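Chemist: Quick one, final_27.tsv (TSV, C-alpha atoms):
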```
chain	number	residue	atom	x	y	z
A	75	MET	CA	1.45	-97.37	-2.98
A	76	ALA	CA	-0.67	-98.64	-5.91
A	77	ILE	CA	-3.79	-97.03	-4.35
A	78	MET	CA	-1.98	-93.83	-3.46
A	79	THR	CA	-1.19	-92.90	-7.08
A	80	PRO	CA	-4.81	-92.78	-8.37
A	81	LEU	CA	-5.90	-91.06	-5.15
A	82	GLY	CA	-3.12	-88.55	-5.49
A	83	LEU	CA	-4.06	-87.89	-9.11
A	84	PHE	CA	-7.71	-87.41	-8.10
A	85	VAL	CA	-6.78	-84.91	-5.36
A	86	VAL	CA	-4.48	-83.02	-7.74
A	87	SER	CA	-7.15	-82.87	-10.46
A	88	VAL	CA	-9.76	-81.59	-7.95
A	89	LEU	CA	-7.30	-78.94	-6.78
A	90	ILE	CA	-6.50	-77.92	-10.36
A	91	ALA	CA	-10.22	-77.68	-11.22
A	92	ALA	CA	-10.89	-75.53	-8.14
A	93	PHE	CA	-7.89	-73.35	-8.83
A	94	SER	CA	-8.82	-72.96	-12.53
A	95	ARG	CA	-12.28	-71.79	-11.52
A	96	LEU	CA	-10.84	-69.31	-9.06
A	97	LEU	CA	-8.39	-68.11	-11.72
A	98	ALA	CA	-11.16	-67.76	-14.32
A	99	GLU	CA	-13.26	-65.68	-11.90
A	100	GLU	CA	-10.22	-63.59	-11.03
A	101	ILE	CA	-9.42	-62.97	-14.71
A	102	GLY	CA	-13.11	-62.17	-15.36
A	103	ASP	CA	-13.21	-59.54	-12.61
A	104	TRP	CA	-9.82	-58.19	-13.60
A	105	SER	CA	-10.77	-57.92	-17.31
A	106	SER	CA	-13.98	-55.99	-16.49
A	107	TRP	CA	-11.92	-53.57	-14.40
A	108	ALA	CA	-9.26	-53.31	-17.15
A	109	ILE	CA	-11.91	-52.63	-19.83
A	110	ARG	CA	-13.51	-49.86	-17.75
A	111	ARG	CA	-10.07	-48.38	-17.10
A	112	LEU	CA	-9.02	-48.55	-20.78
A	113	ILE	CA	-12.25	-46.86	-21.95
A	114	ARG	CA	-11.83	-44.14	-19.32
A	115	THR	CA	-8.21	-43.51	-20.40
A	116	ALA	CA	-9.11	-43.48	-24.12
A	117	VAL	CA	-12.05	-41.11	-23.57
A	118	ALA	CA	-9.80	-38.70	-21.63
A	119	TRP	CA	-7.65	-38.29	-24.77
A	120	LEU	CA	-10.63	-37.18	-26.88
A	121	PRO	CA	-11.68	-33.55	-27.42
A	122	ASP	CA	-13.94	-32.30	-24.58
A	123	ASN	CA	-17.12	-32.23	-26.66
A	124	GLN	CA	-16.74	-35.90	-27.71
A	125	ARG	CA	-15.99	-37.52	-24.34
A	126	GLU	CA	-19.51	-38.17	-23.04
A	127	ARG	CA	-20.68	-39.59	-26.35
A	128	PHE	CA	-17.79	-42.00	-26.90
A	129	SER	CA	-17.74	-43.13	-23.27
A	130	GLU	CA	-21.29	-44.45	-23.71
A	131	GLU	CA	-20.79	-45.62	-27.29
A	132	TRP	CA	-17.65	-47.61	-26.51
A	133	GLN	CA	-19.24	-49.22	-23.46
A	134	SER	CA	-22.05	-50.30	-25.75
A	135	HIS	CA	-19.51	-51.56	-28.33
A	136	VAL	CA	-17.73	-53.67	-25.70
A	137	HIS	CA	-21.11	-54.99	-24.52
A	138	GLU	CA	-21.84	-56.21	-28.06
A	139	GLU	CA	-18.51	-58.04	-28.36
A	140	PRO	CA	-18.63	-61.75	-27.59
A	141	GLY	CA	-16.04	-63.14	-25.14
A	142	ARG	CA	-13.73	-61.47	-22.67
A	143	ILE	CA	-10.71	-61.48	-24.98
A	144	GLY	CA	-12.72	-59.79	-27.76
A	145	LYS	CA	-13.95	-57.16	-25.29
A	146	LEU	CA	-10.43	-56.56	-24.02
A	147	CYS	CA	-9.01	-56.28	-27.57
A	148	SER	CA	-11.70	-53.73	-28.50
A	149	ALA	CA	-10.95	-51.71	-25.37
A	150	VAL	CA	-7.22	-51.67	-26.21
A	151	GLY	CA	-8.17	-50.54	-29.75
A	152	PHE	CA	-10.06	-47.56	-28.31
A	153	LEU	CA	-6.72	-46.16	-27.10
A	154	THR	CA	-5.30	-45.96	-30.63
A	155	ALA	CA	-8.69	-44.77	-31.92
A	156	ALA	CA	-8.80	-41.95	-29.37
A	157	TYR	CA	-5.24	-40.88	-30.16
A	158	GLU	CA	-6.00	-40.72	-33.87
A	159	MET	CA	-9.36	-38.98	-33.37
A	160	ALA	CA	-7.74	-36.34	-31.16
A	161	GLN	CA	-5.07	-35.85	-33.85
A	162	THR	CA	-7.76	-35.48	-36.56
A	163	ASP	CA	-9.61	-32.93	-34.45
A	164	GLU	CA	-6.44	-30.91	-33.83
A	165	HIS	CA	-5.55	-31.11	-37.53
A	166	ASN	CA	-9.02	-29.88	-38.58
A	167	GLN	CA	-8.95	-26.99	-36.12
A	168	ILE	CA	-5.49	-25.86	-37.22
A	169	VAL	CA	-6.23	-26.15	-40.94
A	170	GLU	CA	-9.56	-24.36	-40.42
A	171	GLY	CA	-7.71	-21.48	-38.72
A	172	TRP	CA	-5.26	-21.29	-41.61
A	173	GLN	CA	-8.03	-21.31	-44.20
A	174	GLN	CA	-9.80	-18.51	-42.32
A	175	ALA	CA	-6.61	-16.42	-42.26
A	176	LEU	CA	-6.18	-16.99	-45.99
A	177	ALA	CA	-9.76	-15.89	-46.65
A	178	GLU	CA	-9.19	-12.72	-44.60
A	179	LEU	CA	-6.07	-11.97	-46.61
A	180	VAL	CA	-7.90	-12.43	-49.92
A	181	ASP	CA	-10.72	-10.15	-48.72
A	182	CYS	CA	-8.32	-7.44	-47.56
A	183	ASP	CA	-6.39	-7.71	-50.82
A	184	SER	CA	-9.46	-7.24	-53.01
A	185	LYS	CA	-10.74	-4.26	-50.97
A	186	THR	CA	-7.36	-2.57	-51.15
A	187	LEU	CA	-7.15	-3.15	-54.88
A	188	GLU	CA	-10.55	-1.50	-55.27
A	189	MET	CA	-9.34	1.47	-53.25
A	190	THR	CA	-6.09	1.95	-55.18
A	191	ASN	CA	-7.96	1.72	-58.49
A	192	GLU	CA	-10.35	4.40	-57.27
A	193	ILE	CA	-7.40	6.68	-56.40
A	194	GLU	CA	-5.86	6.14	-59.80
A	195	VAL	CA	-8.98	7.22	-61.71
A	196	THR	CA	-9.70	10.21	-59.47
A	197	ARG	CA	-7.62	13.10	-60.69
A	198	ASP	CA	-8.86	16.05	-58.59
A	199	LEU	CA	-7.86	14.80	-55.14
A	200	PRO	CA	-6.86	17.33	-52.47
A	201	SER	CA	-3.25	16.79	-51.26
A	202	ARG	CA	-2.83	14.27	-54.07
A	203	GLU	CA	0.89	13.71	-53.44
A	204	GLU	CA	0.24	12.55	-49.88
A	205	ILE	CA	-2.55	10.23	-50.99
A	206	ILE	CA	-0.38	8.74	-53.70
A	207	THR	CA	2.33	8.04	-51.10
A	208	MET	CA	-0.29	6.18	-49.06
A	209	ALA	CA	-1.40	4.24	-52.12
A	210	VAL	CA	2.20	3.22	-52.82
A	211	GLU	CA	2.54	2.03	-49.23
A	212	LEU	CA	-0.69	0.05	-49.62
A	213	ARG	CA	0.59	-1.62	-52.77
A	214	SER	CA	3.84	-2.58	-51.09
A	215	LEU	CA	1.92	-4.08	-48.17
A	216	MET	CA	-0.30	-5.98	-50.57
A	217	SER	CA	2.68	-7.43	-52.41
A	218	GLN	CA	3.99	-8.65	-49.05
A	219	PHE	CA	0.55	-10.16	-48.47
A	220	ALA	CA	0.81	-12.00	-51.76
A	221	GLU	CA	4.01	-13.66	-50.54
A	222	LEU	CA	2.40	-14.52	-47.21
A	223	ARG	CA	-0.64	-15.93	-48.98
A	224	GLY	CA	1.53	-18.16	-51.11
A	225	ASP	CA	3.40	-19.32	-48.02
A	226	LEU	CA	0.17	-20.05	-46.12
A	227	ALA	CA	-1.39	-21.87	-49.05
A	228	ALA	CA	1.72	-24.04	-49.42
A	229	ARG	CA	1.68	-24.89	-45.70
A	230	THR	CA	-2.03	-25.74	-45.73
A	231	ALA	CA	-1.57	-27.99	-48.76
A	232	LYS	CA	1.38	-29.74	-47.10
A	233	VAL	CA	-0.73	-30.96	-44.20
A	234	SER	CA	-4.08	-31.34	-45.95
A	235	CYS	CA	-4.17	-35.13	-45.43
A	236	ILE	CA	-3.32	-37.25	-42.40
A	237	PRO	CA	-1.05	-40.14	-43.47
A	238	THR	CA	-2.27	-43.71	-43.04
A	239	THR	CA	0.84	-45.33	-41.55
A	240	LEU	CA	1.60	-45.13	-37.83
A	241	THR	CA	5.01	-43.50	-38.38
A	242	GLY	CA	3.44	-41.08	-40.85
A	243	LYS	CA	0.76	-40.16	-38.30
A	244	LEU	CA	3.30	-39.55	-35.55
A	245	LEU	CA	5.47	-37.42	-37.85
A	246	HIS	CA	2.38	-35.56	-39.08
A	247	GLY	CA	1.45	-34.71	-35.48
A	248	VAL	CA	4.92	-33.26	-34.83
A	249	ARG	CA	5.03	-31.42	-38.17
A	250	ILE	CA	1.61	-29.81	-37.76
A	251	ARG	CA	2.58	-28.55	-34.28
A	252	VAL	CA	5.85	-27.05	-35.55
A	253	LEU	CA	4.07	-25.46	-38.53
A	254	ASN	CA	1.40	-24.09	-36.25
A	255	GLU	CA	4.03	-22.40	-34.07
A	256	GLU	CA	5.49	-20.76	-37.18
A	257	PHE	CA	2.00	-19.94	-38.35
A	258	ARG	CA	1.22	-18.16	-35.08
A	259	ASP	CA	4.13	-15.76	-35.74
A	260	LEU	CA	2.95	-15.30	-39.32
A	261	THR	CA	-0.61	-14.60	-38.16
A	262	GLN	CA	0.62	-11.87	-35.81
A	263	HIS	CA	2.59	-10.35	-38.68
A	264	VAL	CA	-0.51	-10.52	-40.92
A	265	GLN	CA	-2.66	-8.92	-38.22
A	266	ARG	CA	-0.24	-6.00	-37.81
A	267	ARG	CA	-0.14	-5.49	-41.58
A	268	THR	CA	-3.92	-5.76	-41.90
A	269	ALA	CA	-4.35	-3.15	-39.17
A	270	ARG	CA	-2.03	-0.78	-41.07
A	271	VAL	CA	-3.85	-1.42	-44.37
A	272	ASN	CA	-7.21	-0.71	-42.71
A	273	GLN	CA	-5.83	2.48	-41.16
A	274	ILE	CA	-4.59	3.74	-44.54
A	275	ARG	CA	-7.86	2.79	-46.21
A	276	THR	CA	-9.93	4.67	-43.60
A	277	GLU	CA	-7.75	7.73	-44.00
A	278	LEU	CA	-8.02	7.59	-47.80
A	279	ARG	CA	-11.77	7.11	-47.61
A	280	LYS	CA	-12.12	10.20	-45.35
A	281	ARG	CA	-10.07	12.34	-47.72
A	282	MET	CA	-12.02	11.17	-50.73
A	283	GLU	CA	-15.32	11.90	-48.97
A	284	GLY	CA	-13.97	15.34	-48.04
A	285	ARG	CA	-13.29	15.93	-51.73
A	286	GLU	CA	-16.91	15.10	-52.59
B	218	MET	CA	-14.60	-27.01	-42.66
B	219	ALA	CA	-13.11	-30.48	-42.14
B	220	THR	CA	-10.65	-31.88	-44.64
B	221	GLN	CA	-11.89	-34.52	-47.08
B	222	PRO	CA	-11.49	-38.08	-45.76
B	223	ARG	CA	-8.74	-40.10	-47.39
B	224	ILE	CA	-10.16	-42.97	-49.43
B	225	THR	CA	-8.45	-46.17	-48.32
B	226	THR	CA	-9.58	-49.78	-48.67
B	227	GLN	CA	-10.76	-49.65	-45.03
B	228	THR	CA	-12.78	-46.49	-45.72
B	229	ILE	CA	-14.39	-48.20	-48.72
B	230	LYS	CA	-15.27	-51.23	-46.55
B	231	VAL	CA	-16.90	-48.95	-43.98
B	232	LEU	CA	-18.79	-47.04	-46.68
B	233	ALA	CA	-19.99	-50.32	-48.20
B	234	ALA	CA	-21.24	-51.52	-44.79
B	235	LEU	CA	-23.08	-48.22	-44.31
B	236	MET	CA	-24.57	-48.37	-47.82
B	237	SER	CA	-25.94	-51.84	-47.08
B	238	ARG	CA	-28.04	-50.48	-44.19
B	239	THR	CA	-29.37	-47.09	-45.19
B	240	GLN	CA	-32.75	-47.30	-43.42
B	241	ASP	CA	-32.30	-47.93	-39.70
B	242	GLY	CA	-28.56	-47.35	-39.34
B	243	ILE	CA	-25.83	-49.65	-38.11
B	244	SER	CA	-23.88	-49.64	-34.84
B	245	GLY	CA	-20.09	-49.33	-34.64
B	246	ALA	CA	-19.71	-52.88	-33.30
B	247	GLU	CA	-21.79	-54.24	-36.18
B	248	ILE	CA	-19.73	-52.32	-38.76
B	249	GLY	CA	-16.65	-53.80	-37.08
B	250	ARG	CA	-18.02	-57.33	-37.44
B	251	THR	CA	-19.11	-56.76	-41.08
B	252	THR	CA	-15.81	-55.21	-42.18
B	253	SER	CA	-13.50	-57.18	-39.84
B	254	LEU	CA	-11.92	-53.89	-38.81
B	255	ALA	CA	-10.53	-53.47	-35.32
B	256	SER	CA	-11.98	-50.74	-33.10
B	257	GLY	CA	-8.70	-48.81	-33.32
B	258	THR	CA	-9.08	-48.50	-37.10
B	259	LEU	CA	-12.85	-48.26	-37.35
B	260	TYR	CA	-13.66	-45.33	-35.05
B	261	PRO	CA	-11.14	-42.84	-36.52
B	262	ILE	CA	-12.64	-43.59	-39.96
B	263	LEU	CA	-16.19	-43.06	-38.69
B	264	PHE	CA	-15.04	-39.88	-36.92
B	265	ARG	CA	-13.49	-38.46	-40.09
B	266	LEU	CA	-16.51	-39.42	-42.21
B	267	GLU	CA	-18.84	-37.76	-39.69
B	268	GLU	CA	-16.68	-34.61	-39.54
B	269	ALA	CA	-16.79	-34.40	-43.35
B	270	GLY	CA	-20.59	-34.80	-43.36
B	271	TRP	CA	-20.55	-38.14	-45.18
B	272	VAL	CA	-22.06	-39.93	-42.19
B	273	GLU	CA	-24.46	-38.96	-39.41
B	274	SER	CA	-25.23	-40.78	-36.20
B	275	HIS	CA	-27.98	-41.00	-33.57
B	276	TRP	CA	-28.66	-42.84	-30.31
B	277	GLU	CA	-31.17	-45.67	-30.26
B	278	THR	CA	-34.44	-44.42	-28.82
B	279	GLU	CA	-35.09	-47.22	-26.28
B	280	ASP	CA	-34.41	-46.57	-22.59
B	281	PRO	CA	-31.07	-48.20	-21.57
B	282	HIS	CA	-32.55	-49.11	-18.14
B	283	GLU	CA	-35.29	-51.10	-19.83
B	284	LEU	CA	-32.81	-52.66	-22.26
B	285	GLY	CA	-30.40	-53.52	-19.44
B	286	ARG	CA	-27.39	-52.43	-21.51
B	287	PRO	CA	-25.76	-49.19	-22.70
B	288	ARG	CA	-27.45	-47.39	-25.59
B	289	ARG	CA	-26.16	-48.10	-29.09
B	290	ARG	CA	-25.21	-45.34	-31.48
B	291	PHE	CA	-26.35	-45.94	-35.04
B	292	TYR	CA	-24.56	-44.60	-38.10
B	293	ASN	CA	-26.28	-43.63	-41.36
B	294	ILE	CA	-24.73	-42.55	-44.62
B	295	THR	CA	-25.82	-39.10	-45.83
B	296	GLY	CA	-26.71	-38.12	-49.40
B	297	LEU	CA	-23.28	-36.52	-49.76
B	298	GLY	CA	-21.60	-39.64	-48.36
B	299	ALA	CA	-23.55	-41.95	-50.69
B	300	GLY	CA	-22.50	-39.87	-53.70
B	301	GLU	CA	-18.86	-39.84	-52.59
B	302	ALA	CA	-18.98	-43.58	-51.86
B	303	ARG	CA	-20.26	-44.31	-55.38
B	304	ARG	CA	-17.60	-42.06	-56.86
B	305	ALA	CA	-14.85	-43.76	-54.79
B	306	PHE	CA	-16.16	-47.16	-55.86
B	307	HIS	CA	-16.01	-46.19	-59.53
B	308	GLU	CA	-12.63	-44.45	-59.28
B	309	VAL	CA	-10.80	-46.88	-56.99
B	310	VAL	CA	-12.46	-50.28	-56.80
B	311	LEU	CA	-13.55	-50.83	-60.42
B	312	PRO	CA	-10.16	-49.96	-61.99
B	313	LEU	CA	-8.47	-52.32	-59.50
B	314	LYS	CA	-10.87	-55.12	-60.44
B	315	GLU	CA	-10.19	-54.52	-64.12
B	316	PHE	CA	-6.46	-54.56	-63.47
B	317	ALA	CA	-6.78	-57.85	-61.53
B	318	TRP	CA	-8.84	-59.32	-64.38
B	319	GLN	CA	-6.26	-58.32	-67.03
B	320	SER	CA	-3.18	-59.51	-65.11
```
In structure tokens, what does this structure look like?
Modeler:
Amino acid sequence: MAIMTPLGLFVVSVLIAAFSRLLAEEIGDWSSWAIRRLIRTAVAWLPDNQRERFSEEWQSHVHEEPGRIGKLCSAVGFLTAAYEMAQTDEHNQIVEGWQQALAELVDCDSKTLEMTNEIEVTRDLPSREEIITMAVELRSLMSQFAELRGDLAARTAKVSCIPTTLTGKLLHGVRIRVLNEEFRDLTQHVQRRTARVNQIRTELRKRMEGRE
Amino acid sequence: MATQPRITTQTIKVLAALMSRTQDGISGAEIGRTTSLASGTLYPILFRLEEAGWVESHWETEDPHELGRPRRRFYNITGLGAGEARRAFHEVVLPLKEFAWQS
């Protein structure tokens, strides 16, 4: 019995050592698979044009990390990074679209103003009454544009920065999507109005050329 | 046109790491080690800085097969980024240091 206890302890310790080694190898293989899988998932969340680059870059990043736990932690971090990068990309695209629409509005506004000023100073227009009616319609459209511009500018300013906190980021994502839906309706409205303004301007231009 | 990156303490750390290696560039993993920022925080900052034109990046020129590892991507601060980094340092970091010194 006295011999059996040390022998038993020896056998148990050999078994534990063998099992630990097996477990370490298992965890090693499993972590490599998990890292590959995490990078692949994170990369799939990125915008199309960034996927190839970050797939390679993040593999290289993981390669530079010492230790399996460090590698695994970095790979988990890529998921949050990819989510945030995709959100930034979406934000930039949406805001860029809004800024472009605003610029188009400003351009249309200034051209129309030029045109109405020209009508005002030209006294000998043929069918002057009709032209003045058109000019009044133009002015009314432009005043509506001014309201739209103010609305668009306020919306763009509201989402100009992505918040730093996680809750803020999540809320920002929801808010920018809702605003973009509303903005799509507004854009269609603006496009219809712009088309009408352009039509009136072309007509006015023709008449004024006919006068010359 | 991308929106201007928000200047946070993490962004300043990243900019400082980039400013310390302006010649040959610095990889994302190295910036992470220098700044102690996790990958989940670091890459969105680098992404925003690159979108805003404050930072540019390039692949290392060596063949990955010869190196026996994936290629590294090196980040460099641009002239615009360096100017903005200096401005952020003067506007954010220095006043905070003065405040800490006075209190």
Chemist: Only residues of chain A matter here; which ones have an atom within 12 Å of chain B, counting all atoms listed in the file? Give them as a PDB file with C-alpha atoms, in the coordinates of the input.
Modeler:
```pdb
ATOM      1  CA  ILE A 113     -12.250 -46.860 -21.950  1.00  0.00           C
ATOM      2  CA  ALA A 116      -9.110 -43.480 -24.120  1.00  0.00           C
ATOM      3  CA  LEU A 120     -10.630 -37.180 -26.880  1.00  0.00           C
ATOM      4  CA  PRO A 121     -11.680 -33.550 -27.420  1.00  0.00           C
ATOM      5  CA  GLN A 124     -16.740 -35.900 -27.710  1.00  0.00           C
ATOM      6  CA  ARG A 127     -20.680 -39.590 -26.350  1.00  0.00           C
ATOM      7  CA  PHE A 128     -17.790 -42.000 -26.900  1.00  0.00           C
ATOM      8  CA  SER A 129     -17.740 -43.130 -23.270  1.00  0.00           C
ATOM      9  CA  GLU A 130     -21.290 -44.450 -23.710  1.00  0.00           C
ATOM     10  CA  GLU A 131     -20.790 -45.620 -27.290  1.00  0.00           C
ATOM     11  CA  TRP A 132     -17.650 -47.610 -26.510  1.00  0.00           C
ATOM     12  CA  GLN A 133     -19.240 -49.220 -23.460  1.00  0.00           C
ATOM     13  CA  SER A 134     -22.050 -50.300 -25.750  1.00  0.00           C
ATOM     14  CA  HIS A 135     -19.510 -51.560 -28.330  1.00  0.00           C
ATOM     15  CA  VAL A 136     -17.730 -53.670 -25.700  1.00  0.00           C
ATOM     16  CA  HIS A 137     -21.110 -54.990 -24.520  1.00  0.00           C
ATOM     17  CA  GLU A 138     -21.840 -56.210 -28.060  1.00  0.00           C
ATOM     18  CA  GLU A 139     -18.510 -58.040 -28.360  1.00  0.00           C
ATOM     19  CA  PRO A 140     -18.630 -61.750 -27.590  1.00  0.00           C
ATOM     20  CA  GLY A 144     -12.720 -59.790 -27.760  1.00  0.00           C
ATOM     21  CA  LYS A 145     -13.950 -57.160 -25.290  1.00  0.00           C
ATOM     22  CA  LEU A 146     -10.430 -56.560 -24.020  1.00  0.00           C
ATOM     23  CA  CYS A 147      -9.010 -56.280 -27.570  1.00  0.00           C
ATOM     24  CA  SER A 148     -11.700 -53.730 -28.500  1.00  0.00           C
ATOM     25  CA  ALA A 149     -10.950 -51.710 -25.370  1.00  0.00           C
ATOM     26  CA  VAL A 150      -7.220 -51.670 -26.210  1.00  0.00           C
ATOM     27  CA  GLY A 151      -8.170 -50.540 -29.750  1.00  0.00           C
ATOM     28  CA  PHE A 152     -10.060 -47.560 -28.310  1.00  0.00           C
ATOM     29  CA  LEU A 153      -6.720 -46.160 -27.100  1.00  0.00           C
ATOM     30  CA  THR A 154      -5.300 -45.960 -30.630  1.00  0.00           C
ATOM     31  CA  ALA A 155      -8.690 -44.770 -31.920  1.00  0.00           C
ATOM     32  CA  ALA A 156      -8.800 -41.950 -29.370  1.00  0.00           C
ATOM     33  CA  TYR A 157      -5.240 -40.880 -30.160  1.00  0.00           C
ATOM     34  CA  GLU A 158      -6.000 -40.720 -33.870  1.00  0.00           C
ATOM     35  CA  MET A 159      -9.360 -38.980 -33.370  1.00  0.00           C
ATOM     36  CA  ALA A 160      -7.740 -36.340 -31.160  1.00  0.00           C
ATOM     37  CA  GLN A 161      -5.070 -35.850 -33.850  1.00  0.00           C
ATOM     38  CA  THR A 162      -7.760 -35.480 -36.560  1.00  0.00           C
ATOM     39  CA  ASP A 163      -9.610 -32.930 -34.450  1.00  0.00           C
ATOM     40  CA  GLU A 164      -6.440 -30.910 -33.830  1.00  0.00           C
ATOM     41  CA  HIS A 165      -5.550 -31.110 -37.530  1.00  0.00           C
ATOM     42  CA  ASN A 166      -9.020 -29.880 -38.580  1.00  0.00           C
ATOM     43  CA  GLN A 167      -8.950 -26.990 -36.120  1.00  0.00           C
ATOM     44  CA  ILE A 168      -5.490 -25.860 -37.220  1.00  0.00           C
ATOM     45  CA  VAL A 169      -6.230 -26.150 -40.940  1.00  0.00           C
ATOM     46  CA  GLU A 170      -9.560 -24.360 -40.420  1.00  0.00           C
ATOM     47  CA  GLY A 171      -7.710 -21.480 -38.720  1.00  0.00           C
ATOM     48  CA  TRP A 172      -5.260 -21.290 -41.610  1.00  0.00           C
ATOM     49  CA  GLN A 173      -8.030 -21.310 -44.200  1.00  0.00           C
ATOM     50  CA  GLN A 174      -9.800 -18.510 -42.320  1.00  0.00           C
ATOM     51  CA  THR A 230      -2.030 -25.740 -45.730  1.00  0.00           C
ATOM     52  CA  ALA A 231      -1.570 -27.990 -48.760  1.00  0.00           C
ATOM     53  CA  VAL A 233      -0.730 -30.960 -44.200  1.00  0.00           C
ATOM     54  CA  SER A 234      -4.080 -31.340 -45.950  1.00  0.00           C
ATOM     55  CA  CYS A 235      -4.170 -35.130 -45.430  1.00  0.00           C
ATOM     56  CA  ILE A 236      -3.320 -37.250 -42.400  1.00  0.00           C
ATOM     57  CA  PRO A 237      -1.050 -40.140 -43.470  1.00  0.00           C
ATOM     58  CA  THR A 238      -2.270 -43.710 -43.040  1.00  0.00           C
ATOM     59  CA  THR A 239       0.840 -45.330 -41.550  1.00  0.00           C
ATOM     60  CA  LEU A 240       1.600 -45.130 -37.830  1.00  0.00           C
TER      61      LEU A 240
END
```
Chemist: What's the separation between CA of Val248 in chain A and CA of Leu260 in chain A, in Å to one decimal place?
Modeler: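 We find that CA of Val248 in chain A and CA of Leu260 in chain A lie 18.6 Å from each other.
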Chemist: Which polymer residues have any atom within 9 Å of an atom of range 296-303 of chain B, counting all atoms listed in the file, with same-chain residues fewer than 5 positions away left out, as a PyMOL selection string?
Modeler: chain B and resi 229+232-233+235-236+266+269-272+308
Chemist: Between CA of Ile101 in chain A and CA of Trp119 in chain A, measure the distance and give it in Å to one decimal.
Modeler: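 So the two atoms, CA of Ile101 in chain A and CA of Trp119 in chain A, lie 26.7 Å apart.
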Chemist: Need the shell around range 268-275 of chain A: protein/DNA/RNA residues with any atom at most 10 Å away, counting only C-alpha atoms. Skip same-chain ones fewer than 2 positions apart. Format as a PDB file with C-alpha atoms, keeping the file's coordinate frame?
Modeler:
```pdb
ATOM      1  CA  GLU A 178      -9.190 -12.720 -44.600  1.00  0.00           C
ATOM      2  CA  LEU A 179      -6.070 -11.970 -46.610  1.00  0.00           C
ATOM      3  CA  CYS A 182      -8.320  -7.440 -47.560  1.00  0.00           C
ATOM      4  CA  ASP A 183      -6.390  -7.710 -50.820  1.00  0.00           C
ATOM      5  CA  LYS A 185     -10.740  -4.260 -50.970  1.00  0.00           C
ATOM      6  CA  THR A 186      -7.360  -2.570 -51.150  1.00  0.00           C
ATOM      7  CA  MET A 189      -9.340   1.470 -53.250  1.00  0.00           C
ATOM      8  CA  THR A 190      -6.090   1.950 -55.180  1.00  0.00           C
ATOM      9  CA  ILE A 205      -2.550  10.230 -50.990  1.00  0.00           C
ATOM     10  CA  MET A 208      -0.290   6.180 -49.060  1.00  0.00           C
ATOM     11  CA  ALA A 209      -1.400   4.240 -52.120  1.00  0.00           C
ATOM     12  CA  GLU A 211       2.540   2.030 -49.230  1.00  0.00           C
ATOM     13  CA  LEU A 212      -0.690   0.050 -49.620  1.00  0.00           C
ATOM     14  CA  ARG A 213       0.590  -1.620 -52.770  1.00  0.00           C
ATOM     15  CA  LEU A 215       1.920  -4.080 -48.170  1.00  0.00           C
ATOM     16  CA  MET A 216      -0.300  -5.980 -50.570  1.00  0.00           C
ATOM     17  CA  PHE A 219       0.550 -10.160 -48.470  1.00  0.00           C
ATOM     18  CA  GLN A 262       0.620 -11.870 -35.810  1.00  0.00           C
ATOM     19  CA  HIS A 263       2.590 -10.350 -38.680  1.00  0.00           C
ATOM     20  CA  VAL A 264      -0.510 -10.520 -40.920  1.00  0.00           C
ATOM     21  CA  GLN A 265      -2.660  -8.920 -38.220  1.00  0.00           C
ATOM     22  CA  ARG A 266      -0.240  -6.000 -37.810  1.00  0.00           C
ATOM     23  CA  GLU A 277      -7.750   7.730 -44.000  1.00  0.00           C
ATOM     24  CA  LEU A 278      -8.020   7.590 -47.800  1.00  0.00           C
ATOM     25  CA  ARG A 279     -11.770   7.110 -47.610  1.00  0.00           C
ATOM     26  CA  LYS A 280     -12.120  10.200 -45.350  1.00  0.00           C
ATOM     27  CA  ARG A 281     -10.070  12.340 -47.720  1.00  0.00           C
TER      28      ARG A 281
END
```
Chemist: What does the distance between CA of Glu204 in chain A and CA of Arg223 in chain A come to in Å, to one decimal place?
Modeler: 28.5 Å
Chemist: Using the file's own x, y and z axes, so that the box edges lie along x, y and z, what centre and edge lengths in Å (one decimal) does a box around every listed atom of range 247-259 of chain B get when 5 Å is added on each side? Give it as JSON.
Modeler:
```
{"center_x": -15.2, "center_y": -52.8, "center_z": -37.6, "size_x": 23.1, "size_y": 19.1, "size_z": 19.1}
```
Chemist: Restricting the calculation to all atoms listed in the file: of B:Glu277, B:Thr252, B:Tyr292, B:His282, which residue gets closest to Ala234 in chain B?
Modeler: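 Of all the options, B:Thr252 lies closest to Ala234 in chain B.
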Chemist: Of the candidates B:Val231, B:Ile224, B:Val309, B:Leu284, which shows the shortest atom-to-atom distance to Thr251 in chain B, using all atoms listed in the file?
Modeler: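 Comparing B:Val231, B:Ile224, B:Val309, B:Leu284 against Thr251 in chain B, the winner is B:Val231.
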